[in-house]
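> Below is the file structure33.tsv, which contains TSV, C-alpha atoms and all ligand atoms.
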```
chain	number	residue	atom	x	y	z
N	83	MET	CA	-34.77	106.39	-0.27
N	84	ARG	CA	-33.52	103.82	2.29
N	85	LYS	CA	-33.79	104.81	5.91
N	86	PRO	CA	-31.02	103.77	8.31
N	87	SER	CA	-32.23	100.56	9.94
N	88	GLY	CA	-33.22	101.25	13.53
N	89	ARG	CA	-33.45	98.41	16.01
N	90	SER	CA	-34.16	98.12	19.69
N	91	GLY	CA	-32.33	95.97	22.18
N	92	LEU	CA	-31.40	95.17	25.76
N	93	VAL	CA	-28.13	96.27	27.37
N	94	ILE	CA	-26.45	93.12	28.73
N	95	ARG	CA	-23.26	94.69	30.07
N	96	GLY	CA	-21.03	97.61	29.39
N	97	SER	CA	-18.33	99.92	30.55
N	98	ARG	CA	-18.25	103.63	29.92
N	99	ASN	CA	-18.15	103.44	26.15
N	100	ILE	CA	-18.76	99.96	24.84
N	101	PHE	CA	-21.94	98.03	25.56
N	102	THR	CA	-23.09	94.56	24.64
N	103	VAL	CA	-26.64	94.80	23.38
N	104	ARG	CA	-29.00	91.91	22.70
N	105	LEU	CA	-30.93	93.02	19.65
N	106	ASP	CA	-34.65	92.34	19.52
N	107	ASN	CA	-34.94	89.75	16.88
N	108	GLY	CA	-37.55	87.32	15.58
N	109	GLY	CA	-35.17	84.38	15.62
N	110	GLY	CA	-32.48	83.51	18.15
N	111	PRO	CA	-30.66	86.16	20.15
N	112	VAL	CA	-28.18	88.41	18.36
N	113	TYR	CA	-25.59	90.25	20.42
N	114	ARG	CA	-23.75	93.31	19.17
N	115	GLU	CA	-21.07	95.51	20.60
N	116	CYS	CA	-22.38	99.05	20.55
N	117	ARG	CA	-21.20	102.49	21.42
N	118	ILE	CA	-23.08	105.66	22.15
N	119	LYS	CA	-23.61	107.88	19.14
N	120	GLY	CA	-22.15	111.33	19.71
N	121	LYS	CA	-20.85	112.51	23.04
N	122	VAL	CA	-23.85	112.15	25.30
N	123	LEU	CA	-27.08	110.28	25.37
N	124	LYS	CA	-30.08	112.53	25.99
N	125	GLY	CA	-31.80	112.21	29.33
N	126	VAL	CA	-29.10	110.30	31.22
N	127	GLU	CA	-26.64	113.14	31.96
N	128	LEU	CA	-27.60	112.92	35.63
N	129	TYR	CA	-25.90	109.59	36.11
N	130	TYR	CA	-22.34	108.41	36.64
N	131	ASN	CA	-22.88	105.72	34.01
N	132	PRO	CA	-25.07	106.54	31.03
N	133	LEU	CA	-26.44	103.01	30.61
N	134	ALA	CA	-26.76	99.97	32.82
N	135	PRO	CA	-27.70	96.34	32.32
N	136	GLY	CA	-31.42	96.17	31.75
N	137	ASP	CA	-31.66	99.37	29.76
N	138	ARG	CA	-33.66	99.21	26.56
N	139	VAL	CA	-31.94	101.14	23.83
N	140	LEU	CA	-32.39	102.18	20.23
N	141	VAL	CA	-29.61	101.06	17.96
N	142	GLU	CA	-28.71	102.35	14.53
N	143	MET	CA	-27.00	99.74	12.42
N	144	GLU	CA	-24.14	101.06	10.32
N	145	LYS	CA	-24.61	100.99	6.58
N	146	GLY	CA	-22.05	99.55	4.23
N	147	PRO	CA	-20.86	96.07	3.27
N	148	ALA	CA	-21.81	93.25	5.63
N	149	SER	CA	-18.20	92.49	6.53
N	150	ALA	CA	-17.59	96.07	7.72
N	151	ARG	CA	-20.92	96.12	9.57
N	152	ALA	CA	-20.10	93.04	11.59
N	153	SER	CA	-16.83	94.42	12.93
N	154	ALA	CA	-17.80	98.05	13.52
N	155	PRO	CA	-19.75	98.74	16.70
N	156	ALA	CA	-23.36	99.69	16.12
N	157	LEU	CA	-24.51	103.03	17.48
N	158	ILE	CA	-26.84	103.57	20.41
N	159	THR	CA	-29.00	106.58	19.60
N	160	GLY	CA	-31.38	106.61	22.53
N	161	VAL	CA	-32.54	104.98	25.72
N	162	LEU	CA	-36.17	104.15	26.42
N	163	GLU	CA	-37.87	105.38	29.54
N	164	ARG	CA	-36.92	103.28	32.55
N	165	ARG	CA	-39.50	101.40	34.59
N	166	SER	CA	-37.16	101.44	37.60
N	167	ILE	CA	-33.65	102.57	38.49
N	168	PHE	CA	-31.62	100.80	41.14
N	169	ALA	CA	-28.71	103.11	41.89
N	170	ARG	CA	-26.34	103.94	44.68
N	171	LYS	CA	-24.19	106.92	45.46
N	172	ASN	CA	-20.73	106.38	44.06
N	173	GLN	CA	-18.15	107.76	46.41
N	174	LYS	CA	-15.62	108.06	43.61
N	175	ALA	CA	-17.79	110.75	42.09
N	176	LEU	CA	-17.94	112.89	45.22
N	177	GLY	CA	-15.79	115.96	44.77
N	178	THR	CA	-15.57	115.48	41.00
N	179	ASN	CA	-17.90	116.95	38.43
N	180	ARG	CA	-19.28	113.55	37.51
N	181	ALA	CA	-22.81	112.80	38.64
N	182	ALA	CA	-22.82	110.66	41.76
N	183	ALA	CA	-25.66	108.25	41.03
N	184	GLN	CA	-24.34	104.99	39.72
N	185	ILE	CA	-27.04	102.83	38.18
N	186	LEU	CA	-26.55	99.17	39.05
N	187	ALA	CA	-29.60	97.94	37.17
N	188	ALA	CA	-32.29	99.47	34.98
N	189	ASN	CA	-35.84	98.15	34.79
N	190	ALA	CA	-35.39	95.52	37.50
N	191	ASP	CA	-38.52	94.36	39.29
N	192	LEU	CA	-36.80	92.51	42.14
N	193	VAL	CA	-33.78	93.33	44.28
N	194	LEU	CA	-32.08	90.36	45.94
N	195	ALA	CA	-30.02	91.54	48.90
N	196	VAL	CA	-27.45	88.76	49.20
N	197	THR	CA	-25.73	87.97	52.46
N	198	SER	CA	-23.98	85.08	54.21
N	199	PRO	CA	-23.92	83.89	57.83
N	200	GLY	CA	-20.11	84.04	57.79
N	201	SER	CA	-17.05	84.54	55.54
N	202	PRO	CA	-17.59	87.41	54.97
N	203	PRO	CA	-19.28	88.26	58.28
N	204	PHE	CA	-23.04	88.80	58.35
N	205	ARG	CA	-23.81	92.52	58.10
N	206	PRO	CA	-27.48	93.28	58.71
N	207	ARG	CA	-26.95	97.04	58.36
N	208	PHE	CA	-25.75	96.52	54.81
N	209	LEU	CA	-29.04	94.74	54.10
N	210	ASP	CA	-30.96	97.68	55.57
N	211	ARG	CA	-29.31	100.00	53.08
N	212	VAL	CA	-30.10	97.83	50.08
N	213	LEU	CA	-33.70	97.37	51.23
N	214	ILE	CA	-34.13	101.13	51.73
N	215	GLN	CA	-32.80	101.82	48.25
N	216	ALA	CA	-35.12	99.21	46.74
N	217	ASP	CA	-38.09	100.77	48.52
N	218	ALA	CA	-37.13	104.28	47.41
N	219	ALA	CA	-36.86	102.97	43.86
N	220	GLY	CA	-40.25	101.25	44.07
N	221	ILE	CA	-38.75	97.80	43.51
N	222	ALA	CA	-39.74	94.65	45.45
N	223	ALA	CA	-36.95	93.19	47.56
N	224	ALA	CA	-36.01	89.94	49.26
N	225	ILE	CA	-33.06	88.68	51.28
N	226	VAL	CA	-31.02	85.74	50.06
N	227	CYS	CA	-28.81	84.27	52.76
N	228	ASN	CA	-26.28	82.15	50.89
N	229	LYS	CA	-23.80	79.66	52.41
N	230	CYS	CA	-26.45	78.05	54.61
N	231	ASP	CA	-24.06	75.08	54.71
N	232	LEU	CA	-21.97	77.19	57.11
N	233	PRO	CA	-22.98	77.45	60.77
N	234	ALA	CA	-25.12	80.51	61.54
N	235	GLY	CA	-24.88	82.10	64.96
N	236	LEU	CA	-28.00	82.80	66.98
N	237	ASP	CA	-27.62	86.50	66.21
N	238	VAL	CA	-27.87	85.77	62.47
N	239	GLU	CA	-31.02	83.69	62.94
N	240	GLU	CA	-32.54	86.37	65.12
N	241	ARG	CA	-31.89	89.14	62.61
N	242	LEU	CA	-33.18	87.13	59.65
N	243	GLU	CA	-36.31	86.32	61.64
N	244	ASP	CA	-36.82	90.02	62.26
N	245	PHE	CA	-36.56	90.79	58.55
N	246	ARG	CA	-39.27	88.17	58.01
N	247	ARG	CA	-41.36	89.74	60.74
N	248	ILE	CA	-41.32	93.14	59.03
N	249	GLY	CA	-42.39	91.51	55.78
N	250	TYR	CA	-39.37	90.61	53.69
N	251	PRO	CA	-39.07	87.18	52.09
N	252	VAL	CA	-35.86	85.53	53.34
N	253	LEU	CA	-34.46	82.62	51.36
N	254	SER	CA	-31.74	80.47	52.93
N	255	VAL	CA	-29.72	78.81	50.21
N	256	SER	CA	-26.36	77.28	49.42
N	257	ALA	CA	-24.80	77.66	46.01
N	258	LYS	CA	-22.34	75.01	47.14
N	259	THR	CA	-24.72	72.22	48.20
N	260	GLY	CA	-27.73	73.27	46.13
N	261	SER	CA	-29.91	73.58	49.21
N	262	GLY	CA	-32.82	75.99	48.62
N	263	MET	CA	-31.81	76.64	45.03
N	264	ALA	CA	-35.01	75.18	43.54
N	265	GLU	CA	-37.03	77.61	45.67
N	266	LEU	CA	-34.82	80.50	44.60
N	267	LEU	CA	-35.27	79.57	40.95
N	268	GLU	CA	-39.02	79.48	41.40
N	269	PHE	CA	-38.96	82.82	43.21
N	270	ILE	CA	-37.11	84.62	40.43
N	271	GLY	CA	-38.90	82.85	37.56
N	272	GLY	CA	-40.25	85.27	34.97
N	273	ARG	CA	-38.77	88.24	36.81
N	274	TYR	CA	-35.97	90.53	36.25
N	275	SER	CA	-33.80	90.62	39.37
N	276	VAL	CA	-30.57	92.18	40.52
N	277	LEU	CA	-28.13	90.62	43.01
N	278	VAL	CA	-26.60	93.11	45.41
N	279	GLY	CA	-24.18	92.37	48.22
N	280	GLN	CA	-20.72	92.58	49.67
N	281	SER	CA	-17.85	90.94	47.86
N	282	GLY	CA	-17.57	87.22	48.58
N	283	VAL	CA	-21.13	86.48	49.71
N	284	GLY	CA	-21.51	84.32	46.60
N	285	LYS	CA	-23.56	86.30	44.10
N	286	SER	CA	-21.76	84.87	41.07
N	287	SER	CA	-21.79	81.40	42.61
N	288	LEU	CA	-25.57	81.66	42.92
N	289	VAL	CA	-25.86	82.53	39.24
N	290	ASN	CA	-23.65	79.58	38.34
N	291	ALA	CA	-25.70	77.28	40.53
N	292	LEU	CA	-28.94	78.51	38.95
N	293	LEU	CA	-27.70	78.00	35.43
N	294	PRO	CA	-26.90	74.29	35.28
N	295	ALA	CA	-30.20	73.42	36.98
N	296	ALA	CA	-32.13	75.41	34.43
N	297	ALA	CA	-29.89	74.52	31.54
N	298	ALA	CA	-30.28	70.81	32.21
N	299	ARG	CA	-33.78	71.10	30.83
N	300	VAL	CA	-32.66	72.66	27.59
N	301	GLY	CA	-29.75	70.37	26.88
N	302	ASN	CA	-26.24	70.02	28.05
N	303	LEU	CA	-25.24	73.65	28.20
N	304	ASN	CA	-23.26	73.40	31.40
N	305	GLU	CA	-19.96	73.96	29.70
N	306	LYS	CA	-21.21	77.10	28.01
N	307	TYR	CA	-22.33	78.45	31.35
N	308	ASP	CA	-19.24	77.58	33.33
N	309	ARG	CA	-18.38	81.09	34.33
N	310	GLY	CA	-15.83	80.22	36.98
N	311	ASN	CA	-15.45	81.88	40.34
N	312	HIS	CA	-14.13	85.26	39.34
N	313	THR	CA	-14.48	88.35	41.39
N	314	THR	CA	-17.00	90.31	39.42
N	315	THR	CA	-15.80	93.60	37.98
N	316	LEU	CA	-18.69	94.54	35.71
N	317	ALA	CA	-22.43	94.22	36.19
N	318	GLU	CA	-24.03	91.96	33.61
N	319	ILE	CA	-27.30	90.27	32.77
N	320	ILE	CA	-27.41	86.50	32.74
N	321	GLU	CA	-30.34	84.88	31.04
N	322	ILE	CA	-31.72	81.93	32.98
N	323	PRO	CA	-33.16	79.61	30.35
N	324	GLY	CA	-36.39	77.72	30.68
N	325	ALA	CA	-37.31	78.95	34.16
N	326	GLY	CA	-40.83	80.02	33.22
N	327	PRO	CA	-43.08	81.28	30.43
N	328	ALA	CA	-41.79	84.85	30.80
N	329	GLU	CA	-38.12	85.55	30.43
N	330	THR	CA	-36.00	85.23	33.58
N	331	LEU	CA	-33.10	87.65	33.78
N	332	ILE	CA	-30.70	88.15	36.62
N	333	ILE	CA	-28.08	90.86	36.97
N	334	ASP	CA	-24.86	89.98	38.75
N	335	THR	CA	-23.09	93.04	40.14
N	336	PRO	CA	-19.62	93.64	41.59
N	337	GLY	CA	-19.34	93.42	45.36
N	338	ILE	CA	-20.00	96.64	47.25
N	339	ARG	CA	-18.11	97.54	50.39
N	340	ARG	CA	-20.27	100.42	51.49
N	341	PHE	CA	-23.72	101.05	50.13
N	342	LEU	CA	-24.72	104.70	50.16
N	343	PRO	CA	-28.39	105.21	49.31
N	344	TRP	CA	-29.10	107.69	46.58
N	345	GLY	CA	-32.02	109.89	45.57
N	346	LEU	CA	-33.73	110.37	48.90
N	347	GLU	CA	-33.73	113.14	51.46
N	348	ALA	CA	-32.97	112.56	55.14
N	349	GLY	CA	-36.56	113.53	55.94
N	350	GLU	CA	-37.96	110.84	53.65
N	351	LEU	CA	-35.89	108.00	55.06
N	352	ILE	CA	-38.56	107.05	57.60
N	353	LEU	CA	-40.98	106.38	54.74
N	354	HIS	CA	-38.68	103.78	53.21
N	355	MET	CA	-38.26	101.65	56.32
N	356	ARG	CA	-41.31	99.42	56.54
N	357	GLU	CA	-41.94	99.29	60.26
N	358	PHE	CA	-41.12	103.00	60.66
N	359	ALA	CA	-43.35	104.31	57.86
N	360	PRO	CA	-46.74	103.92	59.61
N	361	LEU	CA	-45.39	106.11	62.46
N	362	ALA	CA	-44.37	109.03	60.23
N	363	GLY	CA	-45.82	112.31	61.47
N	364	ARG	CA	-47.27	110.77	64.63
N	365	CYS	CA	-44.60	111.98	67.10
N	366	SER	CA	-45.53	114.84	69.47
N	367	TYR	CA	-43.22	117.12	67.51
N	368	GLY	CA	-44.77	115.91	64.25
N	369	LEU	CA	-42.60	116.01	61.17
N	370	SER	CA	-39.92	118.10	62.90
N	371	CYS	CA	-39.08	115.24	65.34
N	372	THR	CA	-35.54	113.94	64.84
N	373	HIS	CA	-36.45	110.70	66.66
N	374	ARG	CA	-33.37	110.96	68.86
N	375	SER	CA	-34.54	112.14	72.28
N	376	GLU	CA	-37.80	114.05	71.93
N	377	PRO	CA	-40.59	113.25	74.38
N	378	GLY	CA	-43.59	111.62	72.73
N	379	CYS	CA	-41.47	110.21	69.91
N	380	LYS	CA	-43.33	107.26	68.39
N	381	ILE	CA	-40.16	105.86	66.86
N	382	LEU	CA	-38.35	105.73	70.22
N	383	GLU	CA	-41.45	104.17	71.77
N	384	ALA	CA	-41.50	101.53	69.04
N	385	VAL	CA	-37.82	100.73	69.67
N	386	THR	CA	-38.54	100.28	73.39
N	387	ALA	CA	-41.56	98.11	72.59
N	388	GLY	CA	-39.51	95.93	70.22
N	389	ILE	CA	-41.58	96.91	67.18
N	390	ILE	CA	-38.44	98.44	65.69
N	391	HIS	CA	-35.26	96.37	66.08
N	392	GLU	CA	-32.37	98.28	67.68
N	393	ASP	CA	-30.12	97.51	64.71
N	394	ARG	CA	-32.65	99.01	62.34
N	395	TYR	CA	-32.91	102.10	64.52
N	396	ASP	CA	-29.13	102.33	64.46
N	397	SER	CA	-29.17	102.10	60.65
N	398	PHE	CA	-31.80	104.80	60.57
N	399	LEU	CA	-29.63	107.17	62.63
N	400	ARG	CA	-26.49	106.52	60.61
N	401	ILE	CA	-28.15	106.84	57.22
N	402	SER	CA	-30.05	110.00	58.25
N	403	GLU	CA	-26.74	111.54	59.25
N	404	GLU	CA	-25.13	110.53	55.96
N	405	LEU	CA	-27.99	111.92	53.93
N	406	LEU	CA	-27.64	115.21	55.76
N	407	THR	CA	-23.89	115.45	55.25
N	408	GLY	CA	-23.86	114.05	51.69
N	409	GLY	CA	-21.98	110.86	52.58
N	410	LYS	CA	-18.66	112.55	53.34
N	411	ASP	CA	-17.19	111.35	56.59
N	501	LIG	N1	-19.34	77.39	51.92
N	501	LIG	C1	-19.85	78.03	50.86
N	501	LIG	N2	-19.04	78.78	50.08
N	501	LIG	C2	-19.59	79.43	49.02
N	501	LIG	C3	-20.96	79.29	48.71
N	501	LIG	N3	-21.22	80.07	47.62
N	501	LIG	C4	-20.05	80.64	47.28
N	501	LIG	N4	-19.05	80.25	48.10
N	501	LIG	C5	-17.64	80.65	48.03
N	501	LIG	O1	-17.55	82.04	48.35
N	501	LIG	C6	-16.50	82.65	47.59
N	501	LIG	C7	-16.97	83.91	46.89
N	501	LIG	O2	-17.93	83.56	45.92
N	501	LIG	P1	-18.33	84.51	44.69
N	501	LIG	O3	-19.48	83.88	44.01
N	501	LIG	O4	-17.16	84.88	43.86
N	501	LIG	O5	-18.81	85.83	45.48
N	501	LIG	P2	-19.38	87.19	44.87
N	501	LIG	O6	-20.45	87.67	45.79
N	501	LIG	O7	-19.74	87.03	43.45
N	501	LIG	O8	-18.10	88.16	45.03
N	501	LIG	P3	-17.76	89.50	44.16
N	501	LIG	O9	-17.85	89.17	42.73
N	501	LIG	O10	-16.39	89.88	44.62
N	501	LIG	O11	-18.77	90.52	44.58
N	501	LIG	C8	-15.98	81.57	46.63
N	501	LIG	O12	-14.81	81.02	47.18
N	501	LIG	C9	-17.09	80.56	46.62
N	501	LIG	O13	-16.62	79.25	46.36
N	501	LIG	C10	-21.78	78.47	49.55
N	501	LIG	O14	-22.98	78.31	49.37
N	501	LIG	N5	-21.16	77.88	50.60
N	502	MG	MG	-19.15	88.00	41.74
N	503	ZN	ZN	-39.96	110.95	66.64
```
Written as structure tokens, how would this file's structure read?
Ligand SMILES: Nc1nc2c(ncn2[C@@H]2O[C@H](COP(=O)(O)OP(=O)(O)OP(=O)(O)O)[C@@H](O)[C@H]2O)c(=O)[nH]1
Ligand SMILES: [Mg+2]
Ligand SMILES: [Zn+2]


Amino acid sequence: MRKPSGRSGLVIRGSRNIFTVRLDNGGGPVYRECRIKGKVLKGVELYYNPLAPGDRVLVEMEKGPASARASAPALITGVLERRSIFARKNQKALGTNRAAAQILAANADLVLAVTSPGSPPFRPRFLDRVLIQADAAGIAAAIVCNKCDLPAGLDVEERLEDFRRIGYPVLSVSAKTGSGMAELLEFIGGRYSVLVGQSGVGKSSLVNALLPAAAARVGNLNEKYDRGNHTTTLAEIIEIPGAGPAETLIIDTPGIRRFLPWGLEAGELILHMREFAPLAGRCSYGLSCTHRSEPGCKILEAVTAGIIHEDRYDSFLRISEELLTGGKD
């Protein structure tokens, strides 16, 4: 008896019901439109979106004549265990019965928090949120400051320097002039990264700028990769060809106005901010310290001593408050 042919694959992009899956294949890549078999996929009921770019899925190919098979969507029957989940709290889900965690990327091993020195304005507190989420998810993170062709105020330089000080790689690049792009390509080579940032900072432009440089080595593919300057509406994986021995994948995501961290308790926040974490539990009031006004608070002392930047302390207070109130304001 013939068994239904089961395949595995990688989710490239997808909306609620239809997903583009790159099937694992000996030869060249094969992409298929797929839908989820049945009503729900087991194990992902907790999330706003059942699957995200980067998910590895099991696909059941429909039987029947080849012509019918090619047009009908294949069926996704399962999702493999995720190595990492980069999610945020989706405000649209608050007050509805849909789960609030929206997965932006599955299985990513690098989060690139993208910013710009101007247009749109530099927002260091947005970066804090993305970096906290990456830490809580156990994913490495770096800051990419795009548009370095634009003038950066002293405040921008000072904040980026402080992110370096606390241990984050900061790459200054310009998708427009190509400055720093070779370094960025090297940095992401062989990794699986996700671009996160406000709308207009140039995430899609960065992907476009990475592609021709890489594609030049594998032939004249520039036309194929001319993705234009659209405002991104759907997260998707872009394969960066020839960047290294291991596959280089990058997920472009839609711009986010407000990033609400997900999956951590207010009390744990301190553990996910690098320069705060070593001070956890060391205040006079121990773990019950709110780090607002207590005497003998090590966090407040560190702010005074300049070990914790005031902006980061401000982020800490705001996010703690949000985590306590569930993000409703
Ligand atoms: N000066 C300058 N402008 C840039 C640079 N990179 C992108 N831009 C411009 O910034 C604007 C927004 O770029 P996008 O790549 O669409 O930004 P995005 O982050 O993908 O935006 P969303 O998809 O809405 O999240 C476009 O007008 C780009 O031409 C850069 O390095 N320098
Ligand atoms: Mg975009
Ligand atoms: Zn304290």

> Residues within 7 Å of ligand MG 502 (chain N) should be enumerated using all atoms listed in the file and returned as an mmCIF file with C-alpha atoms, in the coordinates of the input.


```
data_model
loop_
_atom_site.group_PDB
_atom_site.id
_atom_site.type_symbol
_atom_site.label_atom_id
_atom_site.label_comp_id
_atom_site.auth_asym_id
_atom_site.auth_seq_id
_atom_site.Cartn_x
_atom_site.Cartn_y
_atom_site.Cartn_z
ATOM 1 C CA SER N 281 -17.850 90.940 47.860
ATOM 2 C CA GLY N 284 -21.510 84.320 46.600
ATOM 3 C CA LYS N 285 -23.560 86.300 44.100
ATOM 4 C CA SER N 286 -21.760 84.870 41.070
ATOM 5 C CA HIS N 312 -14.130 85.260 39.340
ATOM 6 C CA THR N 313 -14.480 88.350 41.390
ATOM 7 C CA THR N 314 -17.000 90.310 39.420
ATOM 8 C CA ASP N 334 -24.860 89.980 38.750
ATOM 9 C CA THR N 335 -23.090 93.040 40.140
ATOM 10 C CA PRO N 336 -19.620 93.640 41.590
ATOM 11 C CA GLY N 337 -19.340 93.420 45.360
#
```

> Can I get the residues close to ligand ZN 503 (chain N) as a list in words, where close means within 9 Å and we count all atoms listed in the file?

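Taking all atoms listed in the file into account, the residues around ligand ZN 503 (chain N) at most 9 Å away are Leu361, Ala362, Gly363, Arg364, Cys365, Ser366, Tyr367, Gly368, Leu369, Ser370, Cys371, Thr372, His373, Arg374, Ser375, Glu376, Pro377, Gly378, Cys379, Lys380, Ile381, Leu382 and Glu383 of chain N.
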
> For ligand LIG 501 (chain N), list the contacting residues at 10 Å or closer, counting only C-alpha atoms and all ligand atoms, as a PyMOL selection string.

chain N and resi 196-202+227-233+254-261+263+277-291+310-317+334-339

> Of the candidates N:Arg273, N:Arg180, N:Arg400, N:Arg394, which one gets nearest to Ile221 of chain N if we count all atoms listed in the file?

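Between N:Arg273, N:Arg180, N:Arg400, N:Arg394, the residue approaching Ile221 of chain N most closely is N:Arg273.
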
> Rounded to one decimal in Å, what is the spacing between atom CA of Val252 of chain N and atom CA of Asp217 of chain N?

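So the answer is 16.1 Å.
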
> Restricting the calculation to only C-alpha atoms: of N:Ile319, N:Ile118, N:Ile248, N:Val139, which residue gets closest to Phe358 of chain N?

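Going through N:Ile319, N:Ile118, N:Ile248, N:Val139 one by one, the smallest distance to Phe358 of chain N is for N:Ile248.
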
> Which is closer to Glu115 of chain N than all the others in N:Ala359, N:Pro155, N:Ser90, N:Asn99, using only C-alpha atoms?

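The answer is N:Pro155, which sits nearest to Glu115 of chain N.
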
> Considering only C-alpha atoms, return as a ChimeraX atom specification whatever protein or nucleic-acid residues lie within 7 Å of Ala222 of chain N, sequence-local ones (same chain, fewer than 6 positions apart) excluded.

/N:191-193,216

> Kindly save the residues from that selection, with C-alpha atoms included, as a compact mmCIF listing (two decimals), keeping the file's coordinate frame.


```txt
# COMPACT_ATOMS: atom_id res chain seq x y z
CA ASP N 191 -38.52 94.36 39.29
CA LEU N 192 -36.80 92.51 42.14
CA VAL N 193 -33.78 93.33 44.28
CA ALA N 216 -35.12 99.21 46.74
```

> Can you measure atom CA of Ile401 of chain N to atom CA of Gly249 of chain N for me? One decimal in Å is fine.

21.0 Å

> So, counting all atoms listed in the file, which residue among N:Glu318, N:Leu293, N:Ile225, N:Arg246 is closest to Val93 of chain N?

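Using all atoms listed in the file, Val93 of chain N sits closest to N:Glu318.
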
> Just to confirm, what's the straight-line distance from atom CA of Ile100 of chain N to atom CA of Ala328 of chain N in Å (one decimal)?

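Taking atom CA of Ile100 of chain N and atom CA of Ala328 of chain N, their separation equals 28.2 Å.
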
> May I ask which of the residues N:Glu144, N:Ala219, N:Glu240, N:Tyr130 is the closest one to Arg164 of chain N, counting all atoms listed in the file?

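For Arg164 of chain N, the nearest of the given residues is N:Ala219.
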
> Rank N:Pro327, N:Gly160, N:Pro206, N:Gly271 by their smallest atom-to-atom distance to Asp393 of chain N, using only C-alpha atoms, and report the top residue only.

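With only C-alpha atoms as the atom set, the closest residue is N:Pro206.
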
> Considering only C-alpha atoms, return as a list of chain:residue names whatever protein or nucleic-acid residues lie within 9 Å of Tyr250 of chain N, sequence-local ones (same chain, fewer than 3 positions apart) excluded.

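With the cut-off at 9 Å, the set is N:Ala223, N:Ala224, N:Ile225, N:Asp244, N:Phe245, N:Arg246, N:Arg247.
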
> Would you mind listing what lies within 10 Å of Arg340 of chain N as a PDB file with C-alpha atoms, keeping the file's coordinate frame, with only C-alpha atoms counted and same-chain residues fewer than 3 positions away left out?


```
ATOM      1  CA  ARG N 170     -26.340 103.940  44.680  1.00  0.00           C
ATOM      2  CA  LYS N 171     -24.190 106.920  45.460  1.00  0.00           C
ATOM      3  CA  ASN N 172     -20.730 106.380  44.060  1.00  0.00           C
ATOM      4  CA  GLN N 173     -18.150 107.760  46.410  1.00  0.00           C
ATOM      5  CA  PHE N 208     -25.750  96.520  54.810  1.00  0.00           C
ATOM      6  CA  ARG N 211     -29.310 100.000  53.080  1.00  0.00           C
ATOM      7  CA  GLY N 279     -24.180  92.370  48.220  1.00  0.00           C
ATOM      8  CA  GLN N 280     -20.720  92.580  49.670  1.00  0.00           C
ATOM      9  CA  GLY N 337     -19.340  93.420  45.360  1.00  0.00           C
ATOM     10  CA  PRO N 343     -28.390 105.210  49.310  1.00  0.00           C
TER      11      PRO N 343
END
```

> Need the shell around Glu403 of chain N: protein/DNA/RNA residues with any atom at most 12 Å away, counting all atoms listed in the file. Skip same-chain ones fewer than 2 positions apart. Format as number ranges by chain?

N: 342-343, 347-349, 351, 372, 374, 396-401, 405-411

> Using only C-alpha atoms, which residues sit within 8 Å of segment 122-125 of chain N once same-chain residues fewer than 6 positions away are excluded, as a list in words?

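That gives Pro132, Thr159, Gly160 and Val161 of chain N.
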
> Go ahead and write the selection's residues with C-alpha atoms as a tab-separated table (two decimals), in the coordinates of the input.


```tsv
chain	number	residue	atom	x	y	z
N	132	PRO	CA	-25.07	106.54	31.03
N	159	THR	CA	-29.00	106.58	19.60
N	160	GLY	CA	-31.38	106.61	22.53
N	161	VAL	CA	-32.54	104.98	25.72
```
